[in-house]
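Chemist: The structure's right below; bear with me while I get my questions together.
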Amino acid sequence: MTSVERRPRRGPGGDRVMVPRAEFRSYYGRPILKRPTWRYDIPAYLFAGGVAGGSALLAAGGDLTGRPALRRAGRLAALGAIGAGTYFLIHDLGRPGRFHHMLRVAKPTSPMSVGTWILAAFGPAAGLAAAGELAGYLPRRGALGLARRALPPAGRLAGLGAAAAAPALATYTGVLLADTAMPSWHEAYPQLPFVFAGSALASGAGVGLLAAPPEQAGPARRMAVAGAALELAAAHRVETRLGLLSEPYRTGKAGRLLRTGRALTAAGVAGALLGRRSRVLSALSGAALLTASLATRFGIFEGGIASAVDPKYVVVPQRERRAARGPKTSTDT
Amino acid sequence: MSGNSLFGPLDPAPDAGYADPPPRMGFFTDTSVCIGCKACEVACKEWNLVPEDGLNLLGLSYDNTGSLSANTWRHVAFVEQPLPARPAEPRVSPMGAGEREPRFLGMPAFDLPGRAGSDGGNGAGGDGPVRERTDFRWLMSSDVCKHCTHAACLDVCPTGALFRTEFGTVVVQEDICNGCGYCIPACPYGVIDQRAGDGRAWKCTLCYDRISDGLMPACAQACPTQSIQYGPLDDLRAAAARRVETLNANGVPEARLYGHDPDDGVGGDGAFFLLLDEPEVYGLPPDPVVTTRDLPDMWRKAGLAALAMAAAAAAAFLGGAR
Ligand code: SF4
């Protein structure tokens with residue numbers, strides 16, 4: 001898709017150059033598109049899904065490399081987060097009692113349908129993996145004793161299954177937002193899955209840093225660095241490379257949230273690297289990474305909404321696209 | 001799923017699996033003859049039992065509805081414009097009778113029609129300054145769901161509540177919709193919306209019940225000027241092409257069709273328009289493209305991001321000693 005023209009982003013000295021006032025006509029300045037009726041539940045779900053995906057990977061890694069603290073924290077966080085995420089998704093429905101209508105169909109053209117099935121695979125696996133962690137609390141004798149012995153190996157298998165679904169869980173949400181007419185979401189479609197993948201890794205790492213003792217937290221530190229790098233690089237492109245459609249991500253509520261997320265990510269990574277020996281500093285950086293992920297998800301969410309509310313973001317890029325194609329009839333001005 | 005199911009010209013009913021569907025039906029809304037009576041809005045509400053959507057005074061000319069919504073399936077837009085100066089050459093009015101342009105018809109005025117004509121005549125009574133009459137026109141247009149060839153609302157619906165009818169139209173099944181709201185940001189025209197207090201998504205059905213029985217949709221039936229025309233889409237497209245040609249040839253060069261072209265970004269609309277100004281002036285997007293055109297590429301990008309994520313996690317555990 002031909003994008004809107006590239007505009008100067010920053011002047012000398014880092015000052016923001018004002019994007020020239022876009023000239024456009026509209027119907028009394030009213031929005032052309034409907035803003036989503038989604039409430040805070042949806043960005044909260046984006047965050048929770050990311051935490052679940054990142055934690056499941058952390059847990060599987062911890063399991064396979066003999067780091068029980070990472071495994072345990074990851075499995076429990078994955079179950080908690082996916083439970084919360086499912087609650088948010090159902091709570092946001094206009095008819096929550098009909099949530100199971102999602103299971104009538106499987107539609108590759110609907111990212112929400114795809115996500116439903118990813119969730120249906122991930123959720124039970126994460127549940128079984130977490131149950132494996134809690135098996136130790138069961139009595140040794142009787143039927144429950146049998147479960148006590150069967151659950152850990154089953155949990156291991158389920159944990160690996162959850163980890164296999166985790167990358168899909170964490171990235172399909174980028175398509176979920178992009179597959180809409182919201183200009184700044186759609187235009188960002190090549191980057192959004194990478195923003196969310198990075199954010200999910202960083203938040204999973206945050207869980208590890210919060211919960212694991214320093215001697216087991218090495219992989220979480222490296223995951224934090226990789227996740228932050230992925231997230232920051234992709235988010236930077238979203239905020240600067242989409243021409244006029246980057247503007248909603250730099251201004252207003254979305255701009256504030258994304259700047260907060262960036263600062264917290266940077267602080268979290270710095271703390272993770274510098275606090276190798278300090279449990280407190282590690283935990284603080286873990287909390288910073290988790291908060292950063294939350295801020296980023298809400299920021300991306302708000303940016304897309306801002307691009308629907310102002311008709312400028314619909315009219316100007318579409319007129320430029322039409323002009324670039326050349327007039328089809330003499331009446332096109 | 002062929003690429004063409006997501007973009008490009010297509011006959012939607014056979015693509016949706018109907019073996020021997022009737023011709024694709026649609027609306028041609030010729031705004032050049034709309035008189036802004038809102039009979040379509042009323043008839044639609046009456047027939048479809050659409051609830052009231054607030055008795056508001058919006059201060060937007062005669063438009064007190066604002067936009068299409070869950071409770072407004074036909075929306076008449078009113079635009080007041082200074083008329084661009086034109087050489088005084090003979091032309092036909094949109095109705096076809098020979099006339100000189102512009103002629104003020106005395107619609108919104110504080111004095112009697114014709115009293116303050118272009119002769120700069122005094123207002124009645126003579127108190128206050130006599131303002132000179134500017135040339136002025138009203139644009140009126142009855143907007144509706146476009147029943148897109150490639151309908152984003154339908155493609156993203158995760159429950160199958162939105163479906164394609166045998167007439168090629170797009171309808172929500174109210175007993176299936178669970179109010180997930182995905183169709184709302186997906187629609188490139190801002191048509192479909194969630195009904196407050198009900199939770200489900202609602203929009204024009206092109207009177208699926210009526211047309212299934214061979215009747216005309218309520219709005220088209222009620223329209224007193226045939227601004228709203230209903231029929232097989234092919235016939236409507238041919239009639240529209242003739243109409244715009246006539247107008248263009250008779251001194252209305254700004255008349256243009258909108259949504260008629262099967263090669264446009266949504267594969268052509270089942271409900272298309274004749275407009276007298278740019279689409280955005282009526283609150284329509286100038287060049288909509290169905291979001292699902294890019295969906296295959298979106299899934300590819302997400303797949304790459306997922307791989308990157310898995311690789312990063314693996315590297316975090318394998319690389320480094322601690
Ligand atoms: S105009 Fe909007 S609501 Fe109507 S069919 Fe197209 S995408 Fe769906």
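Identifiers in the structure tokens: chain A, B, ... in order shown; residue index from 1 per chain; ligand index from 1 in order shown.
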May I ask you to write as an mmCIF file with N, CA and C atoms, in the first residue's frame all residues lying at most 6 Å from ligand 1, with only C-alpha atoms and all ligand atoms counted?
Modeler:
data_model
loop_
_atom_site.group_PDB
_atom_site.id
_atom_site.type_symbol
_atom_site.label_atom_id
_atom_site.label_comp_id
_atom_site.auth_asym_id
_atom_site.auth_seq_id
_atom_site.Cartn_x
_atom_site.Cartn_y
_atom_site.Cartn_z
ATOM 1 N N CYS B 145 -25.459 1.072 4.786
ATOM 2 C CA CYS B 145 -24.421 0.043 4.680
ATOM 3 C C CYS B 145 -24.147 -0.236 3.213
ATOM 4 N N LYS B 146 -22.868 -0.393 2.863
ATOM 5 C CA LYS B 146 -22.489 -0.534 1.462
ATOM 6 C C LYS B 146 -22.626 -1.979 0.957
ATOM 7 N N HIS B 147 -22.871 -2.924 1.825
ATOM 8 C CA HIS B 147 -22.959 -4.337 1.423
ATOM 9 C C HIS B 147 -21.806 -4.695 0.488
ATOM 10 N N CYS B 148 -20.605 -4.481 1.041
ATOM 11 C CA CYS B 148 -19.362 -4.606 0.278
ATOM 12 C C CYS B 148 -19.233 -5.987 -0.376
ATOM 13 N N ALA B 151 -16.512 -7.789 2.362
ATOM 14 C CA ALA B 151 -17.013 -7.137 3.572
ATOM 15 C C ALA B 151 -16.111 -7.498 4.747
ATOM 16 N N ALA B 152 -15.388 -6.496 5.236
ATOM 17 C CA ALA B 152 -14.475 -6.744 6.355
ATOM 18 C C ALA B 152 -15.243 -7.200 7.587
ATOM 19 N N CYS B 153 -16.429 -6.624 7.811
ATOM 20 C CA CYS B 153 -17.208 -6.982 8.999
ATOM 21 C C CYS B 153 -17.468 -8.480 9.018
ATOM 22 N N VAL B 170 -25.069 -8.443 3.080
ATOM 23 C CA VAL B 170 -24.382 -8.819 4.311
ATOM 24 C C VAL B 170 -25.321 -8.565 5.484
ATOM 25 N N CYS B 187 -15.040 -2.276 9.743
ATOM 26 C CA CYS B 187 -15.770 -1.672 8.621
ATOM 27 C C CYS B 187 -15.072 -0.405 8.159
ATOM 28 N N PRO B 188 -14.700 -0.329 6.880
ATOM 29 C CA PRO B 188 -13.982 0.854 6.406
ATOM 30 C C PRO B 188 -14.880 2.068 6.210
ATOM 31 N N TYR B 189 -16.186 1.891 6.374
ATOM 32 C CA TYR B 189 -17.122 3.001 6.217
ATOM 33 C C TYR B 189 -17.719 3.453 7.550
ATOM 34 N N VAL B 191 -19.882 1.882 9.505
ATOM 35 C CA VAL B 191 -21.325 1.643 9.446
ATOM 36 C C VAL B 191 -21.829 0.893 10.678
ATOM 37 N N ILE B 192 -21.311 -0.293 10.887
ATOM 38 C CA ILE B 192 -21.906 -1.176 11.892
ATOM 39 C C ILE B 192 -21.482 -0.731 13.287
#
Chemist: Give me, as a VMD selection string, the residues of chain B touching chain A, with the criterion being at most 7 Å (counting only C-alpha atoms).
Modeler: chain B and resid 155 to 160 176 178 to 181 184 to 190 199 to 200 253 to 254 256 280 to 287 291 to 292 295 298 to 299 301 to 302 305 to 306 309 to 310 312 to 313 316 to 317 322
Chemist: Which of these residues is nearest to Ala125 of chain A, using only C-alpha atoms: A:Leu70, A:Ala52, A:Gly142, A:Tyr87?
Modeler: A:Ala52
Chemist: From the set B:Asp261, B:Glu174, B:Gly268, B:Arg24, which residue has the shortest atom-to-atom contact distance to Pro232 of chain B, counting only C-alpha atoms?
Modeler: B:Arg24
Chemist: Can you tell me, as a list in words, what residues are no more than 9 Å from segment 271-274 of chain A when counting only C-alpha atoms, ignoring any on the same chain fewer than 2 positions away?
Modeler: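 Once the nearby chain positions are removed, what remains is Leu209, Ala220, Arg221, Arg222, Ala224, Val225, Ala266, Ala267, Gly268, Val269, Arg276, Arg277, Ser278, Leu281, Ser282, Ala283, Leu284, Ser285, Gly286 and Ala288 of chain A.
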Chemist: From the list A:Ala59, A:Ile300, A:Leu242, A:Ala48, which residue is nearest Tyr313 of chain A when using only C-alpha atoms?
Modeler: A:Leu242
Chemist: Just list the residues in segment 141-310 of chain B DSSP gives strand (DSSP E or B) on the backbone, as a PDB file with C-alpha atoms, in the first residue's frame.
Modeler:
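Full text of selection14.pdb as output:
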ATOM      1  CA  SER B 141     -27.421  12.226   0.762  1.00  0.00           C
ATOM      2  CA  SER B 142     -28.951   9.163   2.313  1.00  0.00           C
ATOM      3  CA  ASP B 143     -26.142   6.942   3.553  1.00  0.00           C
ATOM      4  CA  VAL B 144     -26.486   3.218   4.221  1.00  0.00           C
ATOM      5  CA  CYS B 148     -19.362  -4.606   0.278  1.00  0.00           C
ATOM      6  CA  LEU B 162     -22.467 -12.031   9.953  1.00  0.00           C
ATOM      7  CA  PHE B 163     -23.209 -13.912   6.772  1.00  0.00           C
ATOM      8  CA  ARG B 164     -23.613 -13.404   3.038  1.00  0.00           C
ATOM      9  CA  VAL B 170     -24.382  -8.819   4.311  1.00  0.00           C
ATOM     10  CA  VAL B 171     -26.613  -9.513   7.317  1.00  0.00           C
ATOM     11  CA  VAL B 172     -26.077 -10.022  11.078  1.00  0.00           C
ATOM     12  CA  ASP B 193     -22.065  -0.458  15.614  1.00  0.00           C
ATOM     13  CA  GLN B 194     -22.956  -1.983  18.955  1.00  0.00           C
ATOM     14  CA  ALA B 201     -23.957  -5.363  16.568  1.00  0.00           C
ATOM     15  CA  TRP B 202     -26.644  -4.035  14.249  1.00  0.00           C
ATOM     16  CA  ILE B 228     -32.968   5.485  -3.514  1.00  0.00           C
ATOM     17  CA  GLN B 229     -33.243   2.887  -6.240  1.00  0.00           C
ATOM     18  CA  TYR B 230     -33.309  -0.832  -5.555  1.00  0.00           C
ATOM     19  CA  GLY B 231     -32.721  -3.608  -8.039  1.00  0.00           C
ATOM     20  CA  PRO B 232     -30.265  -6.081  -9.534  1.00  0.00           C
ATOM     21  CA  ARG B 256     -19.520  11.383  -9.942  1.00  0.00           C
ATOM     22  CA  LEU B 257     -20.225   7.818  -8.891  1.00  0.00           C
ATOM     23  CA  TYR B 258     -18.920   6.387  -5.634  1.00  0.00           C
ATOM     24  CA  ASP B 269     -20.253  -1.787  -3.126  1.00  0.00           C
ATOM     25  CA  ALA B 271     -24.995   0.005  -2.278  1.00  0.00           C
ATOM     26  CA  PHE B 272     -23.360   2.783  -4.266  1.00  0.00           C
ATOM     27  CA  PHE B 273     -23.945   6.493  -4.794  1.00  0.00           C
ATOM     28  CA  LEU B 274     -24.008   9.414  -7.162  1.00  0.00           C
ATOM     29  CA  LEU B 275     -22.370  12.337  -5.367  1.00  0.00           C
TER      30      LEU B 275
END
Chemist: Which of these, A:Ala73, A:Ala150, A:Ala295, A:Ala78, has the shortest distance to Pro43 of chain A once you count only C-alpha atoms?
Modeler: A:Ala295
Chemist: Counting only C-alpha atoms, what is within 6 Å of Tyr45 of chain A, bar same-chain residues fewer than 3 positions away, as a VMD selection string?
Modeler: chain A and resid 41 to 42 48 to 49 85 88
Chemist: Check segment 79-147 of chain A with DSSP on the backbone and list each residue it calls helix (DSSP H, G or I), as a PyMOL selection string.
Modeler: chain A and resi 79-92+96-104+111-137+142-147
Chemist: State, in Å with one decimal place, the distance from atom CA of Val244 of chain B to atom CA of Ser227 of chain B.
Modeler: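 So the answer is 13.4 Å.
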Chemist: What lies within 10 Å of Pro51 of chain B using only C-alpha atoms, ignoring chain neighbours under 6 positions off, as a PyMOL selection string?
Modeler: chain B and resi 45+70-72+195
